[in-house]
Each structure stands twice: as structure tokens, then as C-alpha cells.
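The structure file protein-v5.pdb is reproduced below (PDB, C-alpha atoms, pLDDT in the B column).
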MODEL        1
ATOM      1  CA  MET W1107       0.000   0.000   0.000  1.00 67.00           C
ATOM      2  CA  PRO W1108       1.805   3.091  -1.189  1.00 84.00           C
ATOM      3  CA  ILE W1109       1.942   6.082   1.121  1.00 94.00           C
ATOM      4  CA  VAL W1110       2.918   9.337  -0.557  1.00 96.00           C
ATOM      5  CA  GLY W1111       4.134  12.103   1.729  1.00 97.00           C
ATOM      6  CA  TYR W1112       4.739  11.972   5.469  1.00 97.00           C
ATOM      7  CA  ALA W1113       1.961  10.535   7.644  1.00 96.00           C
ATOM      8  CA  THR W1114       3.014  12.756  10.547  1.00 96.00           C
ATOM      9  CA  ARG W1115       2.517  15.842   8.362  1.00 97.00           C
ATOM     10  CA  PHE W1116       0.293  15.101   5.352  1.00 98.00           C
ATOM     11  CA  ALA W1117       0.186  11.981   3.207  1.00 98.00           C
ATOM     12  CA  VAL W1118      -2.061   9.925   0.966  1.00 98.00           C
ATOM     13  CA  GLU W1119      -2.398   6.164   1.162  1.00 97.00           C
ATOM     14  CA  TYR W1120      -3.953   4.170  -1.652  1.00 97.00           C
ATOM     15  CA  ASP W1121      -4.141   0.570  -2.766  1.00 96.00           C
ATOM     16  CA  LEU W1122      -5.493  -0.909  -5.984  1.00 93.00           C
ATOM     17  CA  ASP W1123      -7.567  -4.053  -5.411  1.00 90.00           C
ATOM     18  CA  GLN W1124      -6.338  -7.205  -7.124  1.00 88.00           C
ATOM     19  CA  GLU W1125      -9.754  -7.437  -8.812  1.00 86.00           C
ATOM     20  CA  HIS W1126      -9.990  -3.719  -9.556  1.00 88.00           C
ATOM     21  CA  GLY W1127     -12.553  -3.729 -12.371  1.00 85.00           C
ATOM     22  CA  GLY W1128     -10.318  -2.307 -15.090  1.00 80.00           C
ATOM     23  CA  GLU W1129     -10.837   1.425 -15.600  1.00 81.00           C
ATOM     24  CA  TRP W1130     -12.964   1.628 -12.447  1.00 87.00           C
ATOM     25  CA  MET W1131      -9.746   1.133 -10.490  1.00 94.00           C
ATOM     26  CA  LEU W1132     -11.457  -0.215  -7.391  1.00 94.00           C
ATOM     27  CA  GLY W1133      -9.296   0.117  -4.332  1.00 96.00           C
ATOM     28  CA  ARG W1134      -8.791   1.962  -1.091  1.00 97.00           C
ATOM     29  CA  PHE W1135      -7.853   5.553  -0.397  1.00 97.00           C
ATOM     30  CA  CYS W1136      -7.334   7.882   2.551  1.00 98.00           C
ATOM     31  CA  TYR W1137      -5.394  10.871   3.779  1.00 98.00           C
ATOM     32  CA  TRP W1138      -2.983  10.859   6.706  1.00 98.00           C
ATOM     33  CA  CYS W1139      -2.375  13.886   8.902  1.00 97.00           C
ATOM     34  CA  ASN W1140      -0.699  14.270  12.287  1.00 95.00           C
ATOM     35  CA  GLY W1141      -0.043  10.525  12.303  1.00 95.00           C
ATOM     36  CA  ARG W1142      -3.681   9.494  11.976  1.00 95.00           C
ATOM     37  CA  ARG W1143      -5.661   8.100   9.098  1.00 97.00           C
ATOM     38  CA  LEU W1144      -8.436  10.325   7.739  1.00 97.00           C
ATOM     39  CA  GLY W1145     -11.232   8.627   5.838  1.00 96.00           C
ATOM     40  CA  ASP W1146     -12.624   5.109   5.775  1.00 97.00           C
ATOM     41  CA  PHE W1147      -9.767   3.290   4.055  1.00 96.00           C
ATOM     42  CA  GLU W1148     -11.341  -0.148   4.509  1.00 95.00           C
ATOM     43  CA  LEU W1149     -14.602   0.891   2.824  1.00 95.00           C
ATOM     44  CA  GLY W1150     -12.945   1.155  -0.558  1.00 91.00           C
ATOM     45  CA  THR W1151     -13.822   3.328  -3.509  1.00 96.00           C
ATOM     46  CA  SER W1152     -13.199   3.895  -7.193  1.00 96.00           C
ATOM     47  CA  LEU W1153      -9.702   5.315  -7.519  1.00 97.00           C
ATOM     48  CA  ARG W1154     -10.768   6.585 -10.936  1.00 96.00           C
ATOM     49  CA  ASP W1155     -13.386   8.769  -9.229  1.00 97.00           C
ATOM     50  CA  VAL W1156     -10.764   9.897  -6.719  1.00 97.00           C
ATOM     51  CA  LEU W1157      -8.459  10.815  -9.618  1.00 97.00           C
ATOM     52  CA  PHE W1158     -11.145  12.923 -11.285  1.00 96.00           C
ATOM     53  CA  GLN W1159     -11.861  14.697  -7.973  1.00 96.00           C
ATOM     54  CA  LEU W1160      -8.155  15.343  -7.399  1.00 97.00           C
ATOM     55  CA  ASP W1161      -7.944  16.825 -10.906  1.00 97.00           C
ATOM     56  CA  GLU W1162     -10.649  19.336  -9.890  1.00 96.00           C
ATOM     57  CA  ILE W1163      -8.905  20.144  -6.598  1.00 97.00           C
ATOM     58  CA  ALA W1164      -5.626  20.724  -8.475  1.00 97.00           C
ATOM     59  CA  LYS W1165      -7.197  23.511 -10.526  1.00 96.00           C
ATOM     60  CA  PHE W1166      -6.908  25.758  -7.470  1.00 96.00           C
ATOM     61  CA  LYS W1167      -3.271  24.968  -6.692  1.00 95.00           C
ATOM     62  CA  GLY W1168      -1.466  28.137  -5.666  1.00 92.00           C
ATOM     63  CA  ASN W1169      -4.758  30.018  -5.426  1.00 94.00           C
ATOM     64  CA  ARG W1170      -5.994  29.379  -1.901  1.00 94.00           C
ATOM     65  CA  ALA W1171      -5.025  32.591  -0.162  1.00 92.00           C
ATOM     66  CA  ASN W1172      -7.768  34.556   1.557  1.00 89.00           C
ATOM     67  CA  GLN W1173      -7.153  37.333   4.070  1.00 87.00           C
ATOM     68  CA  ARG W1174     -10.521  36.654   5.683  1.00 87.00           C
ATOM     69  CA  PHE W1175      -9.361  33.223   6.872  1.00 90.00           C
ATOM     70  CA  GLY W1176      -5.661  34.001   7.340  1.00 81.00           C
ATOM     71  CA  ALA W1177      -5.776  35.050  10.988  1.00 85.00           C
ATOM     72  CA  MET W1178      -9.088  33.419  11.866  1.00 92.00           C
ATOM     73  CA  PRO W1179      -8.885  30.605  14.455  1.00 96.00           C
ATOM     74  CA  SER W1180      -9.245  27.205  12.797  1.00 96.00           C
ATOM     75  CA  PRO W1181     -12.648  26.318  14.349  1.00 96.00           C
ATOM     76  CA  ALA W1182     -14.124  29.630  13.162  1.00 94.00           C
ATOM     77  CA  ALA W1183     -12.659  29.272   9.662  1.00 94.00           C
ATOM     78  CA  PHE W1184     -13.892  25.675   9.440  1.00 94.00           C
ATOM     79  CA  GLN W1185     -17.380  26.636  10.579  1.00 92.00           C
ATOM     80  CA  LEU W1186     -17.660  29.550   8.158  1.00 89.00           C
ATOM     81  CA  LEU W1187     -16.458  27.497   5.184  1.00 91.00           C
ATOM     82  CA  ASP W1188     -18.599  24.505   6.139  1.00 90.00           C
ATOM     83  CA  ASP W1189     -21.709  26.651   6.567  1.00 86.00           C
ATOM     84  CA  ALA W1190     -21.208  28.421   3.264  1.00 84.00           C
ATOM     85  CA  LEU W1191     -20.308  25.344   1.200  1.00 85.00           C
ATOM     86  CA  PHE W1192     -22.339  22.548   2.783  1.00 81.00           C
ATOM     87  CA  GLN W1193     -25.139  24.027   4.893  1.00 78.00           C
ATOM     88  CA  ALA W1194     -28.105  26.278   4.283  1.00 61.00           C
ATOM     89  CA  THR W1195     -26.711  29.786   4.696  1.00 62.00           C
ATOM     90  CA  ASP W1196     -28.054  33.274   4.545  1.00 64.00           C
ATOM     91  CA  PHE W1197     -27.864  35.182   1.285  1.00 59.00           C
ATOM     92  CA  VAL W1198     -25.026  37.485   2.378  1.00 61.00           C
ATOM     93  CA  GLU W1199     -22.779  34.580   3.386  1.00 69.00           C
ATOM     94  CA  ALA W1200     -23.595  32.611   0.222  1.00 72.00           C
ATOM     95  CA  HIS W1201     -22.941  35.686  -1.934  1.00 75.00           C
ATOM     96  CA  LEU W1202     -19.618  36.341  -0.183  1.00 77.00           C
ATOM     97  CA  ALA W1203     -18.574  32.683  -0.593  1.00 79.00           C
ATOM     98  CA  GLU W1204     -19.345  32.871  -4.292  1.00 81.00           C
ATOM     99  CA  ASP W1205     -17.587  36.224  -4.796  1.00 79.00           C
ATOM    100  CA  GLU W1206     -14.455  35.067  -2.979  1.00 81.00           C
ATOM    101  CA  GLN W1207     -14.597  31.547  -4.478  1.00 88.00           C
ATOM    102  CA  TRP W1208     -14.474  29.728  -1.145  1.00 87.00           C
ATOM    103  CA  ALA W1209     -14.953  26.374  -2.893  1.00 89.00           C
ATOM    104  CA  ARG W1210     -11.274  26.548  -3.905  1.00 93.00           C
ATOM    105  CA  HIS W1211     -10.377  25.841  -0.270  1.00 95.00           C
ATOM    106  CA  LYS W1212     -12.178  22.458  -0.307  1.00 96.00           C
ATOM    107  CA  ILE W1213      -9.467  19.808  -0.332  1.00 97.00           C
ATOM    108  CA  ILE W1214     -11.319  16.549   0.350  1.00 97.00           C
ATOM    109  CA  PRO W1215     -12.485  14.515  -2.678  1.00 97.00           C
ATOM    110  CA  SER W1216     -16.249  13.984  -2.792  1.00 94.00           C
ATOM    111  CA  VAL W1217     -16.111  10.192  -2.616  1.00 96.00           C
ATOM    112  CA  ASP W1218     -17.692   7.737  -0.198  1.00 95.00           C
ATOM    113  CA  VAL W1219     -14.561   7.079   1.887  1.00 97.00           C
ATOM    114  CA  PHE W1220     -14.638  10.736   2.954  1.00 97.00           C
ATOM    115  CA  ASP W1221     -18.361  10.983   3.740  1.00 96.00           C
ATOM    116  CA  ARG W1222     -17.545  11.769   7.386  1.00 96.00           C
ATOM    117  CA  LEU W1223     -14.622  14.145   6.747  1.00 97.00           C
ATOM    118  CA  LYS W1224     -14.486  17.777   5.698  1.00 97.00           C
ATOM    119  CA  GLY W1225     -11.300  19.731   5.201  1.00 97.00           C
ATOM    120  CA  PHE W1226     -10.045  22.987   3.807  1.00 97.00           C
ATOM    121  CA  LEU W1227      -6.686  24.394   2.762  1.00 97.00           C
ATOM    122  CA  ILE W1228      -5.910  28.044   3.381  1.00 96.00           C
ATOM    123  CA  GLU W1229      -2.536  28.957   1.969  1.00 95.00           C
ATOM    124  CA  ASP W1230      -0.435  31.981   1.169  1.00 92.00           C
ATOM    125  CA  ASP W1231       3.230  32.549   0.318  1.00 91.00           C
ATOM    126  CA  HIS W1232       4.341  31.907   3.908  1.00 93.00           C
ATOM    127  CA  MET W1233       2.283  29.020   5.235  1.00 93.00           C
ATOM    128  CA  ALA W1234      -0.504  26.563   4.575  1.00 96.00           C
ATOM    129  CA  ARG W1235      -3.222  25.591   7.047  1.00 97.00           C
ATOM    130  CA  PHE W1236      -4.975  22.268   6.529  1.00 98.00           C
ATOM    131  CA  ILE W1237      -8.105  22.527   8.675  1.00 98.00           C
ATOM    132  CA  PHE W1238     -10.264  19.420   9.028  1.00 98.00           C
ATOM    133  CA  ALA W1239     -12.824  17.623  11.162  1.00 97.00           C
ATOM    134  CA  GLU W1240     -14.698  14.347  11.163  1.00 96.00           C
ATOM    135  CA  ALA W1241     -18.436  14.048  11.809  1.00 95.00           C
ATOM    136  CA  PRO W1242     -20.024  15.474  13.888  1.00 94.00           C
ATOM    137  CA  TYR W1243     -17.463  18.212  13.050  1.00 94.00           C
ATOM    138  CA  THR W1244     -17.049  19.488  16.607  1.00 92.00           C
ATOM    139  CA  ASN W1245     -13.329  18.721  17.043  1.00 95.00           C
ATOM    140  CA  VAL W1246     -11.584  20.817  14.426  1.00 97.00           C
ATOM    141  CA  ALA W1247      -7.903  20.046  13.886  1.00 97.00           C
ATOM    142  CA  GLU W1248      -5.284  22.058  12.065  1.00 97.00           C
ATOM    143  CA  ARG W1249      -1.935  21.118  10.553  1.00 97.00           C
ATOM    144  CA  LEU W1250       0.479  23.825   9.525  1.00 97.00           C
ATOM    145  CA  LEU W1251       2.336  22.904   6.360  1.00 97.00           C
ATOM    146  CA  LYS W1252       4.750  24.543   3.970  1.00 97.00           C
ATOM    147  CA  PRO W1253       3.162  26.375   1.032  1.00 97.00           C
ATOM    148  CA  GLY W1254       2.638  23.874  -1.772  1.00 97.00           C
ATOM    149  CA  GLU W1255       3.372  20.838   0.422  1.00 97.00           C
ATOM    150  CA  LEU W1256      -0.154  19.401   0.374  1.00 98.00           C
ATOM    151  CA  ASP W1257      -0.583  20.044  -3.355  1.00 97.00           C
ATOM    152  CA  ALA W1258       2.782  18.383  -4.086  1.00 97.00           C
ATOM    153  CA  VAL W1259       1.578  15.191  -2.384  1.00 98.00           C
ATOM    154  CA  LEU W1260      -1.723  15.294  -4.270  1.00 98.00           C
ATOM    155  CA  ASP W1261       0.111  15.947  -7.565  1.00 97.00           C
ATOM    156  CA  ASP W1262       2.316  12.906  -6.997  1.00 97.00           C
ATOM    157  CA  VAL W1263      -0.739  10.744  -6.263  1.00 97.00           C
ATOM    158  CA  ARG W1264      -2.569  12.131  -9.313  1.00 97.00           C
ATOM    159  CA  LEU W1265       0.408  11.258 -11.505  1.00 96.00           C
ATOM    160  CA  LYS W1266       0.485   7.678 -10.199  1.00 96.00           C
ATOM    161  CA  LEU W1267      -3.286   7.174 -10.439  1.00 95.00           C
ATOM    162  CA  ASN W1268      -3.322   8.690 -13.912  1.00 94.00           C
ATOM    163  CA  GLY W1269      -0.637   6.188 -14.982  1.00 92.00           C
ATOM    164  CA  ILE W1270      -2.794   3.322 -13.738  1.00 91.00           C
ATOM    165  CA  HIS W1271      -5.858   4.786 -15.452  1.00 90.00           C
ATOM    166  CA  GLU W1272      -4.057   5.162 -18.795  1.00 90.00           C
ATOM    167  CA  GLN W1273      -2.760   1.591 -18.533  1.00 86.00           C
ATOM    168  CA  GLU W1274      -6.240   0.240 -17.818  1.00 82.00           C
ATOM    169  CA  ALA W1275      -7.842   2.351 -20.564  1.00 78.00           C
ATOM    170  CA  GLY W1276      -5.293   0.935 -23.017  1.00 73.00           C
ATOM    171  CA  ARG W1277      -6.388  -2.596 -22.178  1.00 73.00           C
ATOM    172  CA  GLN W1278      -9.996  -1.903 -23.152  1.00 62.00           C
TER     173      GLN W1278
ENDMDL
END
Turn this file's structure into C-alpha cells for me.
Amino acid sequence: MPIVGYATRFAVEYDLDQEHGGEWMLGRFCYWCNGRRLGDFELGTSLRDVLFQLDEIAKFKGNRANQRFGAMPSPAAFQLLDDALFQATDFVEAHLAEDEQWARHKIIPSVDVFDRLKGFLIEDDHMARFIFAEAPYTNVAERLLKPGELDAVLDDVRLKLNGIHEQEAGRQ
């Protein structure tokens, strides 16, 4: 089971099932942060779907700075982003989230293994803050990272998953 990155900081673990269904790339996937596994690795998922989600997340690489969240305590930043992106919010908050493109801070792929996890990346030239919580989202954790560190791990995983996908597509 490959682990890309450092589990004590930020890493991704994935494993392709022996019977992986060709292009579906059935397997297991999770994040690691602060030495603990994030996501339901044993549940399994389509690594192809994960790849497509990671491709969307990568579109915002280097564009996750926001002064509003920069000095905000992690629980407050998490709550504001979660409310605006996942909950029913008032018009002003929804309008602000749209104007400032808060969705670019979402860093967790929308796949079943992460149904109980939400996380956001707030990053500028000096530091990156990975802010996350598992359901019921009351214990918000934060990991300070180097700028670009999280995206570099995701890029490496995307490259590897894309290689598997291209190989499987060529077999069809």
C-alpha cells in the first residue's frame, strides 16, 4: 500500500484491489495527517473517481489565499467554510462565498470514503493551514504545512493514479 508524503505531516495512502474492475480502479484511499488516518480506508472506492476529484482540486493549486481566513482561528474558519459550502446559509454569506470563491479551499475529494470528513486548505506565500474535522465536526484540527506541500503530495498521487488509469484504458 503506497503512502505518498509523510503521515506525521500530510500523506495519501492508496491501494489498488487485485480485482480492480479495469478502468474503475477499485481500491482503497485515505489521507494521513498528524499521524492518523483520515477517511474510511477499509470501505474502498473507485480510484478513478478519486483521480477525477483530485484533478478538480488541483485547478486551485497556488490560489488558496484569503485574508478573511488568514488570521481566523481554525474552528471559526472551518465553521464559516462549512456553513457556506455545505449548509443552508443566509444570502449574504452565500454571496460572499461565491464572490471570494471559497470552494477553492475544499481539499477533500467527494467520494464515499470521505463521507464523514471535511477539510479545507488556506494557503499563502508563507504558510498553509490544513483545517479538518470528522463528523459530527465538533473537534476541528489544524496542521500547519509549507506552502505547496499538500498540493505536491496530491500531484504525486494524481500522476500515479493517472498512470494506472491510462494503462487500464489501453487494455480496453
* List, as number ranges by chain, every residue that the PyMOL selection byres ((chain W and resi 1121-1126) around 12) selects in the file provided. => W: 1107-1110, 1118-1120, 1127-1136, 1147-1154, 1263, 1266-1267, 1270-1271, 1274
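The interatomic distance for the pair atom CA of Leu1223 of chain W and atom CA of Leu1157 of chain W works out to 17.8 Å.
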Evaluate the PyMOL selection byres ((chain W and resi 1247) around 6) and record the selected residues as a PDB file with C-alpha atoms, keeping the file's coordinate frame, following the chain and residue labels used in the document.
ATOM      1  CA  ILE W1237      -8.105  22.527   8.675  1.00 98.00           C
ATOM      2  CA  PHE W1238     -10.264  19.420   9.028  1.00 98.00           C
ATOM      3  CA  VAL W1246     -11.584  20.817  14.426  1.00 97.00           C
ATOM      4  CA  GLU W1248      -5.284  22.058  12.065  1.00 97.00           C
TER       5      GLU W1248
END
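On the file presented, the PyMOL selection byres ((chain W and resi 1173) around 12) picks out Arg1170, Ala1171, Asn1172, Arg1174, Phe1175, Gly1176, Ala1177, Met1178, Ala1183, Glu1206, Trp1208, Ile1228, Glu1229 and Asp1230 of chain W.
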For the selection you just gave me, I'd like the residues written to a file as a PDB file, keeping the file's coordinate frame, keeping C-alpha atoms.
ATOM      1  CA  ARG W1170      -5.994  29.379  -1.901  1.00 94.00           C
ATOM      2  CA  ALA W1171      -5.025  32.591  -0.162  1.00 92.00           C
ATOM      3  CA  ASN W1172      -7.768  34.556   1.557  1.00 89.00           C
ATOM      4  CA  ARG W1174     -10.521  36.654   5.683  1.00 87.00           C
ATOM      5  CA  PHE W1175      -9.361  33.223   6.872  1.00 90.00           C
ATOM      6  CA  GLY W1176      -5.661  34.001   7.340  1.00 81.00           C
ATOM      7  CA  ALA W1177      -5.776  35.050  10.988  1.00 85.00           C
ATOM      8  CA  MET W1178      -9.088  33.419  11.866  1.00 92.00           C
ATOM      9  CA  ALA W1183     -12.659  29.272   9.662  1.00 94.00           C
ATOM     10  CA  GLU W1206     -14.455  35.067  -2.979  1.00 81.00           C
ATOM     11  CA  TRP W1208     -14.474  29.728  -1.145  1.00 87.00           C
ATOM     12  CA  ILE W1228      -5.910  28.044   3.381  1.00 96.00           C
ATOM     13  CA  GLU W1229      -2.536  28.957   1.969  1.00 95.00           C
ATOM     14  CA  ASP W1230      -0.435  31.981   1.169  1.00 92.00           C
TER      15      ASP W1230
END
* Taking all atoms listed in the file into account, which of W:Glu1240, W:Phe1226, W:Phe1158, W:Lys1167 comes nearest Leu1186 of chain W? -> W:Phe1226
* Phe1116 of chain W: which residues within 7 Å, counting only C-alpha atoms, same-chain residues fewer than 6 positions away excluded, as an MDAnalysis selection string? -> chainID W and resid 1138:1139 1256
* Near Lys1212 of chain W, within 8 Å and counting all atoms listed in the file, which residues show up once chain neighbours fewer than 2 positions away are dropped, as a PyMOL selection string? -> chain W and resi 1163+1208-1210+1214+1224-1227
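The spacing separating atom CA of Phe1236 of chain W from atom CA of His1211 of chain W amounts to 9.4 Å.
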* To do: Fewer than 6 positions away in the same chain doesn't count, so skip those; otherwise give me all residues within 8 Å of Ala1164 of chain W, counting only C-alpha atoms, as a ChimeraX atom specification.
  => /W:1257,1260-1261
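The coordinates place atom CA of Leu1250 of chain W at 22.4 Å from atom CA of Arg1264 of chain W.
Distance check against Phe1166 of chain W using all atoms listed in the file: of W:Asp1188, W:Glu1204, W:Tyr1243, W:Gly1254, the minimum falls on W:Gly1254.
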* Tell me which of W:Ala1234, W:Ile1213, W:Leu1251, W:Leu1160 sits closest to Thr1114 of chain W, counting only C-alpha atoms. => W:Leu1251
